[in-house]
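Trainee: A single structure is presented below for examination.
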Amino acid sequence: MSLTNQSLTGSGAGFTGLSNYAEALADPAVWQSLWNTAVFTIATAAPLVVLSFVMAYLVYVGLPGQWLWRMSFFTPYLLPVSVVTALWQWMFQPGFGLINSILTQLGFAEIGFLDQQGVAMFSIVLVTIWWTVGFNFLLYLSALQNIPDHVFEAAQLDGAGPWRRLVSIIVPMVNKTTIMIVMLQILASLKVFEQIYLLTAGGPRGSTRSVLEYIYDVGFSGYRLGYASAISYLFFALIVVVAVVQLRIMNRKEH
């Protein structure tokens with residue numbers, strides 16, 4: 001299909017060769033959506049790794065009321081994206097939204113969380129971190145619970161304090177889990193679509209539109225299935241390159 005001018009209306013489907021690919025590579029909207037996707041990936045990847053580890057470590061060392069913390073950390077991940085976005089849309093609303101109401105009561109001006117350039121992407125990043133950090137938290141908690149007790153007993157006999165045990169034992173022993181989480185997080189962030197589509201629909205002025213949303217807009221709003229398919233294949237090739245690079249880095253660290 002990417003080699004044709006197939007339309008959603010059923011017309012066209014004539015062979016066009018590589019013209020769709022040439023158009024995609026010269027399309028500023030494609031590059032802008034790629035940039036937005038990269039910004040989102042960079043902004044979410046590190047916090048989702050660091051925060052999930054901190055949360056798992058606090059539960060692992062015996063944070064009071066563990067059952068409550070486990071539930072509060074992981075429950076958001078179980079919510080469907082429609083519920084998550086509806087909740088945060090209410091919180092971000094100007095006038096009666098929870099966050100803006102608090103800001104105005106404190107004497108600050110309201111913020112257009114979803115309709116202000118430079119702020120909308122930050123808002124989507126915040127929603128994504130709150131929604132998905134629970135999955136990484138569960139992976140880290142499982143890795144921490146698999147560390148043998150005798151390792152800590154030996155470290156304690158050697159006089160290692162809590163900080164030394166964290167830096168010299170815990171962090172290195174969950175290194176494989178960290179690498180796996182980083183890989184999964186980057187690939188998941190590159191494929192972001194639902195929360196952006198439901199919160200901002202790519203606005204304001206395309207500043208939050210991801211690659212997948214642009215593909216959706218081109219194919220199902222612009223009816224250009226052939227062109228959308230070409231962009232999809234180019235994006236697929238990019239994801240393959242990223243995945244191969246990550247695998248090679250992981251293999252080098254293992255050896």
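In the structure tokens, each chain is lettered A, B, ... as it comes, each chain's residues begin at 1, and ligands are numbered from 1 in order of appearance.
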When you look at A:Thr41 with a cut-off of 7 Å (counting only C-alpha atoms), what residues show up, excluding the ones that are within fewer than 2 positions of it in the same chain? I need them as a PyMOL selection string.
Mentor: chain A and resi 37-39+43-45+186+189-190
Trainee: Using 9 Å as the limit and counting only C-alpha atoms, can you tabulate each residue of stretch 158-180 of chain A that touches stretch 238-254 of chain A, with its shortest atom-to-atom distance in Å and the two atoms involved, as CSV?
Mentor:
residue,atom,partner,partner_atom,distance
A:Lys176,CA,A:Glu254,CA,8.2
A:Ile179,CA,A:Met250,CA,6.7
A:Met180,CA,A:Met250,CA,8.5
Trainee: May I have all residues of stretch 129-226 of chain A that DSSP, computed from the backbone, assigns to helix (DSSP H, G or I), given as number ranges by chain?
Mentor: A: 129-145, 149-157, 162-173, 175-190, 194-199, 211-221, 225-226
Trainee: Quick one: residues within 10 Å of A:Met121, only C-alpha atoms counted, chain neighbours fewer than 6 positions away excluded, as a ChimeraX atom specification?
Mentor: /A:36,39-40,43,113-115,127,196,200,202-204,207-209
Trainee: Output the selection as a tab-separated table (two decimals), in the first residue's frame - all heavy atoms for each residue.
Mentor:
chain	number	residue	atom	x	y	z
A	36	ASN	N	8.76	15.85	18.31
A	36	ASN	CA	7.85	15.78	19.46
A	36	ASN	C	7.93	14.42	20.15
A	36	ASN	O	7.93	14.33	21.38
A	36	ASN	CB	6.41	16.05	19.03
A	36	ASN	CG	6.20	17.46	18.53
A	36	ASN	OD1	6.96	18.37	18.86
A	36	ASN	ND2	5.17	17.66	17.74
A	39	VAL	N	11.22	14.25	22.08
A	39	VAL	CA	11.14	15.04	23.31
A	39	VAL	C	10.35	14.29	24.38
A	39	VAL	O	10.75	14.22	25.54
A	39	VAL	CB	10.49	16.42	23.03
A	39	VAL	CG1	10.16	17.15	24.32
A	39	VAL	CG2	11.42	17.27	22.17
A	40	PHE	N	9.22	13.72	23.98
A	40	PHE	CA	8.41	12.95	24.92
A	40	PHE	C	9.19	11.75	25.46
A	40	PHE	O	9.15	11.47	26.67
A	40	PHE	CB	7.13	12.47	24.23
A	40	PHE	CG	6.28	11.57	25.07
A	40	PHE	CD1	5.36	12.09	25.96
A	40	PHE	CD2	6.40	10.19	24.96
A	40	PHE	CE1	4.59	11.25	26.76
A	40	PHE	CE2	5.63	9.34	25.74
A	40	PHE	CZ	4.71	9.88	26.64
A	43	ALA	N	11.89	12.94	27.89
A	43	ALA	CA	11.31	13.52	29.11
A	43	ALA	C	10.68	12.47	30.02
A	43	ALA	O	10.59	12.68	31.23
A	43	ALA	CB	10.27	14.57	28.75
A	113	PHE	N	-2.71	24.25	30.85
A	113	PHE	CA	-1.91	23.02	30.82
A	113	PHE	C	-2.00	22.28	29.49
A	113	PHE	O	-1.03	21.66	29.06
A	113	PHE	CB	-2.35	22.09	31.95
A	113	PHE	CG	-1.93	22.56	33.31
A	113	PHE	CD1	-2.83	23.20	34.14
A	113	PHE	CD2	-0.64	22.37	33.76
A	113	PHE	CE1	-2.45	23.63	35.41
A	113	PHE	CE2	-0.24	22.80	35.02
A	113	PHE	CZ	-1.15	23.44	35.85
A	114	LEU	N	-3.16	22.33	28.84
A	114	LEU	CA	-3.35	21.55	27.62
A	114	LEU	C	-3.45	22.41	26.36
A	114	LEU	O	-3.53	21.86	25.26
A	114	LEU	CB	-4.61	20.68	27.75
A	114	LEU	CG	-4.60	19.66	28.90
A	114	LEU	CD1	-5.91	18.91	28.95
A	114	LEU	CD2	-3.43	18.69	28.76
A	115	ASP	N	-3.50	23.72	26.50
A	115	ASP	CA	-3.64	24.57	25.31
A	115	ASP	C	-2.55	25.64	25.21
A	115	ASP	O	-2.68	26.59	24.47
A	115	ASP	CB	-5.01	25.24	25.29
A	115	ASP	CG	-5.29	26.05	26.56
A	115	ASP	OD1	-4.34	26.33	27.32
A	115	ASP	OD2	-6.46	26.37	26.80
A	127	VAL	N	1.22	13.21	33.10
A	127	VAL	CA	0.15	12.22	33.11
A	127	VAL	C	0.71	10.83	32.83
A	127	VAL	O	0.35	9.84	33.50
A	127	VAL	CB	-0.92	12.57	32.06
A	127	VAL	CG1	-1.94	11.44	31.92
A	127	VAL	CG2	-1.63	13.87	32.44
A	196	ILE	N	-1.96	11.36	24.17
A	196	ILE	CA	-1.82	12.61	23.43
A	196	ILE	C	-3.09	12.89	22.62
A	196	ILE	O	-3.60	14.01	22.61
A	196	ILE	CB	-0.59	12.55	22.51
A	196	ILE	CG1	0.70	12.58	23.35
A	196	ILE	CG2	-0.59	13.72	21.51
A	196	ILE	CD1	1.97	12.54	22.53
A	200	THR	N	-4.85	16.31	23.96
A	200	THR	CA	-4.61	17.53	23.17
A	200	THR	C	-4.89	17.37	21.69
A	200	THR	O	-4.90	18.37	20.97
A	200	THR	CB	-3.14	17.98	23.33
A	200	THR	OG1	-2.28	16.98	22.77
A	200	THR	CG2	-2.78	18.21	24.79
A	202	GLY	N	-2.91	16.47	19.59
A	202	GLY	CA	-1.71	16.97	18.91
A	202	GLY	C	-1.47	18.45	19.05
A	202	GLY	O	-0.42	18.95	18.66
A	203	GLY	N	-2.42	19.18	19.60
A	203	GLY	CA	-2.28	20.63	19.74
A	203	GLY	C	-1.48	21.00	20.98
A	203	GLY	O	-1.04	20.13	21.73
A	204	PRO	N	-1.30	22.28	21.21
A	204	PRO	CA	-1.68	23.38	20.34
A	204	PRO	C	-0.71	23.56	19.17
A	204	PRO	O	0.50	23.45	19.35
A	204	PRO	CB	-1.62	24.60	21.28
A	204	PRO	CG	-0.63	24.21	22.34
A	204	PRO	CD	-0.75	22.73	22.51
A	207	SER	N	2.20	21.04	18.48
A	207	SER	CA	3.38	20.99	19.36
A	207	SER	C	3.46	19.69	20.16
A	207	SER	O	4.51	19.40	20.74
A	207	SER	CB	3.38	22.18	20.31
A	207	SER	OG	2.23	22.17	21.15
A	208	THR	N	2.38	18.92	20.23
A	208	THR	CA	2.42	17.65	20.96
A	208	THR	C	2.09	16.47	20.05
A	208	THR	O	1.94	15.35	20.54
A	208	THR	CB	1.42	17.66	22.14
A	208	THR	OG1	0.08	17.81	21.63
A	208	THR	CG2	1.73	18.78	23.11
A	209	ARG	N	1.96	16.70	18.76
A	209	ARG	CA	1.57	15.61	17.86
A	209	ARG	C	2.71	14.62	17.67
A	209	ARG	O	3.80	14.98	17.21
A	209	ARG	CB	1.13	16.17	16.50
A	209	ARG	CG	0.65	15.09	15.53
A	209	ARG	CD	-0.09	15.68	14.35
A	209	ARG	NE	0.73	16.63	13.61
A	209	ARG	CZ	0.27	17.35	12.60
A	209	ARG	NH1	-0.99	17.23	12.21
A	209	ARG	NH2	1.07	18.19	11.97
Trainee: Hey, which of A:Thr178, A:Ser232, A:Ser72, A:Thr128 ends up closest to A:Asn20? Count only C-alpha atoms.
Mentor: A:Ser232
Trainee: Write out as a PyMOL selection string which residues come within 12 Å of A:His150 when counting only C-alpha atoms, dropping same-chain ones fewer than 6 positions away.
Mentor: chain A and resi 156-157+169
Trainee: Those residues with C-alpha atoms, as a CSV table (one decimal), in the first residue's frame please?
Mentor:
chain,number,residue,atom,x,y,z
A,156,GLN,CA,26.9,-5.9,57.2
A,157,LEU,CA,29.7,-7.9,58.7
A,169,ILE,CA,25.1,-4.0,46.1
Trainee: Neighbours of A:Asn136 within 10 Å (only C-alpha atoms; same-chain residues fewer than 5 positions away dropped), as a list of chain:residue names?
Mentor: A:Leu48, A:Val49, A:Val50, A:Leu51, A:Ser52, A:Phe53, A:Met55, A:Ala56, A:Phe74, A:Tyr77, A:Leu141, A:Ser142, A:Thr177, A:Thr178, A:Met180, A:Ile181, A:Val182, A:Leu184, A:Gln185
Trainee: Please produce a file of those selected residues containing N, CA and C atoms, as an mmCIF file, in the first residue's frame.
Mentor:
data_model
loop_
_atom_site.group_PDB
_atom_site.id
_atom_site.type_symbol
_atom_site.label_atom_id
_atom_site.label_comp_id
_atom_site.auth_asym_id
_atom_site.auth_seq_id
_atom_site.Cartn_x
_atom_site.Cartn_y
_atom_site.Cartn_z
ATOM 1 N N LEU A 48 10.772 7.800 34.676
ATOM 2 C CA LEU A 48 10.083 6.531 34.880
ATOM 3 C C LEU A 48 11.025 5.441 35.374
ATOM 4 N N VAL A 49 12.304 5.576 35.098
ATOM 5 C CA VAL A 49 13.280 4.621 35.626
ATOM 6 C C VAL A 49 13.655 4.982 37.066
ATOM 7 N N VAL A 50 14.003 6.245 37.282
ATOM 8 C CA VAL A 50 14.470 6.678 38.603
ATOM 9 C C VAL A 50 13.349 6.605 39.644
ATOM 10 N N LEU A 51 12.182 7.143 39.318
ATOM 11 C CA LEU A 51 11.072 7.148 40.271
ATOM 12 C C LEU A 51 10.617 5.745 40.623
ATOM 13 N N SER A 52 10.545 4.873 39.634
ATOM 14 C CA SER A 52 10.101 3.509 39.914
ATOM 15 C C SER A 52 11.091 2.783 40.825
ATOM 16 N N PHE A 53 12.393 3.049 40.639
ATOM 17 C CA PHE A 53 13.384 2.423 41.517
ATOM 18 C C PHE A 53 13.262 2.951 42.942
ATOM 19 N N MET A 55 10.612 4.219 44.396
ATOM 20 C CA MET A 55 9.376 3.689 44.971
ATOM 21 C C MET A 55 9.549 2.240 45.402
ATOM 22 N N ALA A 56 10.171 1.430 44.536
ATOM 23 C CA ALA A 56 10.388 0.025 44.867
ATOM 24 C C ALA A 56 11.333 -0.123 46.053
ATOM 25 N N PHE A 74 0.785 1.076 42.221
ATOM 26 C CA PHE A 74 0.492 0.237 41.057
ATOM 27 C C PHE A 74 -0.904 0.453 40.475
ATOM 28 N N TYR A 77 -1.718 2.168 36.993
ATOM 29 C CA TYR A 77 -1.372 1.410 35.793
ATOM 30 C C TYR A 77 -2.522 0.528 35.329
ATOM 31 N N LEU A 141 10.637 -4.009 42.140
ATOM 32 C CA LEU A 141 10.358 -4.649 43.425
ATOM 33 C C LEU A 141 10.631 -6.139 43.343
ATOM 34 N N SER A 142 10.262 -6.757 42.234
ATOM 35 C CA SER A 142 10.547 -8.182 42.047
ATOM 36 C C SER A 142 12.048 -8.443 42.019
ATOM 37 N N THR A 177 17.728 -5.566 35.311
ATOM 38 C CA THR A 177 16.349 -5.064 35.319
ATOM 39 C C THR A 177 16.296 -3.625 34.829
ATOM 40 N N THR A 178 17.278 -2.822 35.235
ATOM 41 C CA THR A 178 17.335 -1.430 34.777
ATOM 42 C C THR A 178 17.471 -1.354 33.268
ATOM 43 N N MET A 180 16.586 -3.608 31.069
ATOM 44 C CA MET A 180 15.332 -4.059 30.463
ATOM 45 C C MET A 180 14.264 -2.973 30.531
ATOM 46 N N ILE A 181 14.166 -2.304 31.688
ATOM 47 C CA ILE A 181 13.168 -1.240 31.847
ATOM 48 C C ILE A 181 13.454 -0.088 30.898
ATOM 49 N N VAL A 182 14.727 0.285 30.757
ATOM 50 C CA VAL A 182 15.087 1.368 29.839
ATOM 51 C C VAL A 182 14.688 1.013 28.410
ATOM 52 N N LEU A 184 12.363 -1.195 27.386
ATOM 53 C CA LEU A 184 10.902 -1.213 27.258
ATOM 54 C C LEU A 184 10.332 0.200 27.272
ATOM 55 N N GLN A 185 10.908 1.069 28.111
ATOM 56 C CA GLN A 185 10.382 2.417 28.248
ATOM 57 C C GLN A 185 10.611 3.241 26.983
#
Trainee: Quick one: of A:Ile99, A:Ala143, A:Leu78, A:Ala109, who's nearest to A:Ser123, counting only C-alpha atoms?
Mentor: A:Ile99
Trainee: Could you give me, as a VMD selection string, the residues within 10 Å of A:Pro47, counting only C-alpha atoms and dropping anything in the same chain fewer than 6 positions from it?
Mentor: chain A and resid 53 125 to 126 129 133
Trainee: Any idea what's packed within 9 Å of A:Ser19, counting only C-alpha atoms, ignoring anything in its chain fewer than 2 positions away? Could you give it as a PyMOL selection string?
Mentor: chain A and resi 3-4+16-17+21-24+227
Trainee: The selected residues should be written to file as a PDB file, in the first residue's frame (atoms: all heavy atoms).
Mentor:
ATOM      1  N   LEU A   3       3.346   1.840  -1.610  1.00  0.00           N
ATOM      2  CA  LEU A   3       3.834   2.105  -2.956  1.00  0.00           C
ATOM      3  C   LEU A   3       2.706   2.533  -3.896  1.00  0.00           C
ATOM      4  O   LEU A   3       2.891   2.592  -5.105  1.00  0.00           O
ATOM      5  CB  LEU A   3       4.523   0.864  -3.518  1.00  0.00           C
ATOM      6  CG  LEU A   3       5.710   0.335  -2.704  1.00  0.00           C
ATOM      7  CD1 LEU A   3       6.247  -0.947  -3.310  1.00  0.00           C
ATOM      8  CD2 LEU A   3       6.803   1.384  -2.592  1.00  0.00           C
ATOM      9  N   THR A   4       1.535   2.831  -3.300  1.00  0.00           N
ATOM     10  CA  THR A   4       0.382   3.250  -4.094  1.00  0.00           C
ATOM     11  C   THR A   4      -0.167   4.563  -3.543  1.00  0.00           C
ATOM     12  O   THR A   4       0.260   5.035  -2.491  1.00  0.00           O
ATOM     13  CB  THR A   4      -0.736   2.191  -4.064  1.00  0.00           C
ATOM     14  OG1 THR A   4      -1.327   2.167  -2.750  1.00  0.00           O
ATOM     15  CG2 THR A   4      -0.184   0.804  -4.375  1.00  0.00           C
ATOM     16  N   THR A  16       2.703   4.067  -7.371  1.00  0.00           N
ATOM     17  CA  THR A  16       3.436   5.338  -7.383  1.00  0.00           C
ATOM     18  C   THR A  16       4.915   5.164  -7.078  1.00  0.00           C
ATOM     19  O   THR A  16       5.634   6.161  -6.951  1.00  0.00           O
ATOM     20  CB  THR A  16       2.827   6.317  -6.361  1.00  0.00           C
ATOM     21  OG1 THR A  16       2.891   5.735  -5.051  1.00  0.00           O
ATOM     22  CG2 THR A  16       1.379   6.637  -6.703  1.00  0.00           C
ATOM     23  N   GLY A  17       5.369   3.949  -6.908  1.00  0.00           N
ATOM     24  CA  GLY A  17       6.775   3.716  -6.613  1.00  0.00           C
ATOM     25  C   GLY A  17       7.164   4.243  -5.236  1.00  0.00           C
ATOM     26  O   GLY A  17       6.432   4.057  -4.263  1.00  0.00           O
ATOM     27  N   TYR A  21       7.501   7.760  -0.074  1.00  0.00           N
ATOM     28  CA  TYR A  21       8.655   7.820   0.828  1.00  0.00           C
ATOM     29  C   TYR A  21       9.432   9.119   0.636  1.00  0.00           C
ATOM     30  O   TYR A  21       9.889   9.727   1.610  1.00  0.00           O
ATOM     31  CB  TYR A  21       9.564   6.612   0.587  1.00  0.00           C
ATOM     32  CG  TYR A  21       8.963   5.315   1.045  1.00  0.00           C
ATOM     33  CD1 TYR A  21       8.219   4.525   0.181  1.00  0.00           C
ATOM     34  CD2 TYR A  21       9.122   4.882   2.355  1.00  0.00           C
ATOM     35  CE1 TYR A  21       7.665   3.323   0.606  1.00  0.00           C
ATOM     36  CE2 TYR A  21       8.575   3.681   2.800  1.00  0.00           C
ATOM     37  CZ  TYR A  21       7.843   2.913   1.911  1.00  0.00           C
ATOM     38  OH  TYR A  21       7.283   1.731   2.341  1.00  0.00           O
ATOM     39  N   ALA A  22       9.582   9.531  -0.621  1.00  0.00           N
ATOM     40  CA  ALA A  22      10.276  10.791  -0.888  1.00  0.00           C
ATOM     41  C   ALA A  22       9.507  11.962  -0.292  1.00  0.00           C
ATOM     42  O   ALA A  22      10.102  12.889   0.282  1.00  0.00           O
ATOM     43  CB  ALA A  22      10.438  10.974  -2.398  1.00  0.00           C
ATOM     44  N   GLU A  23       8.182  11.927  -0.409  1.00  0.00           N
ATOM     45  CA  GLU A  23       7.362  12.997   0.162  1.00  0.00           C
ATOM     46  C   GLU A  23       7.476  13.017   1.684  1.00  0.00           C
ATOM     47  O   GLU A  23       7.558  14.085   2.299  1.00  0.00           O
ATOM     48  CB  GLU A  23       5.905  12.813  -0.245  1.00  0.00           C
ATOM     49  CG  GLU A  23       4.990  13.909   0.279  1.00  0.00           C
ATOM     50  CD  GLU A  23       3.538  13.694  -0.105  1.00  0.00           C
ATOM     51  OE1 GLU A  23       3.258  12.788  -0.914  1.00  0.00           O
ATOM     52  OE2 GLU A  23       2.675  14.439   0.418  1.00  0.00           O
ATOM     53  N   ALA A  24       7.488  11.825   2.284  1.00  0.00           N
ATOM     54  CA  ALA A  24       7.566  11.740   3.747  1.00  0.00           C
ATOM     55  C   ALA A  24       8.880  12.310   4.266  1.00  0.00           C
ATOM     56  O   ALA A  24       8.909  13.030   5.273  1.00  0.00           O
ATOM     57  CB  ALA A  24       7.395  10.291   4.202  1.00  0.00           C
ATOM     58  N   TYR A 227       0.117   7.115   1.706  1.00  0.00           N
ATOM     59  CA  TYR A 227       1.126   7.989   2.315  1.00  0.00           C
ATOM     60  C   TYR A 227       1.317   7.650   3.791  1.00  0.00           C
ATOM     61  O   TYR A 227       2.445   7.605   4.291  1.00  0.00           O
ATOM     62  CB  TYR A 227       0.716   9.445   2.142  1.00  0.00           C
ATOM     63  CG  TYR A 227       1.735  10.438   2.638  1.00  0.00           C
ATOM     64  CD1 TYR A 227       3.074  10.318   2.288  1.00  0.00           C
ATOM     65  CD2 TYR A 227       1.362  11.505   3.443  1.00  0.00           C
ATOM     66  CE1 TYR A 227       4.017  11.226   2.729  1.00  0.00           C
ATOM     67  CE2 TYR A 227       2.295  12.425   3.899  1.00  0.00           C
ATOM     68  CZ  TYR A 227       3.622  12.274   3.537  1.00  0.00           C
ATOM     69  OH  TYR A 227       4.555  13.174   3.994  1.00  0.00           O
TER      70      TYR A 227
END
Trainee: Can you tell me how far atom CA of A:Gly206 sits from atom CA of A:Pro76, in Å to one decimal?
Mentor: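 Taking atom CA of A:Gly206 and atom CA of A:Pro76, their separation equals 27.7 Å.
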Trainee: Let me make sure I understand: among A:Met1, A:Ala230, A:Leu25, A:Val61, which one has the smallest atom-to-atom distance to A:Ala13 if we use only C-alpha atoms?
Mentor: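 Between A:Met1, A:Ala230, A:Leu25, A:Val61, the residue approaching A:Ala13 most closely is A:Met1.
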Trainee: In Å, with one decimal, what is the gap from atom CA of A:Ser168 to atom CA of A:Leu58?
Mentor: 17.3 Å
Trainee: When you draw a straight line from atom CA of A:Ala86 to atom CA of A:Gly118, how long is it in Å?
Mentor: 21.3 Å
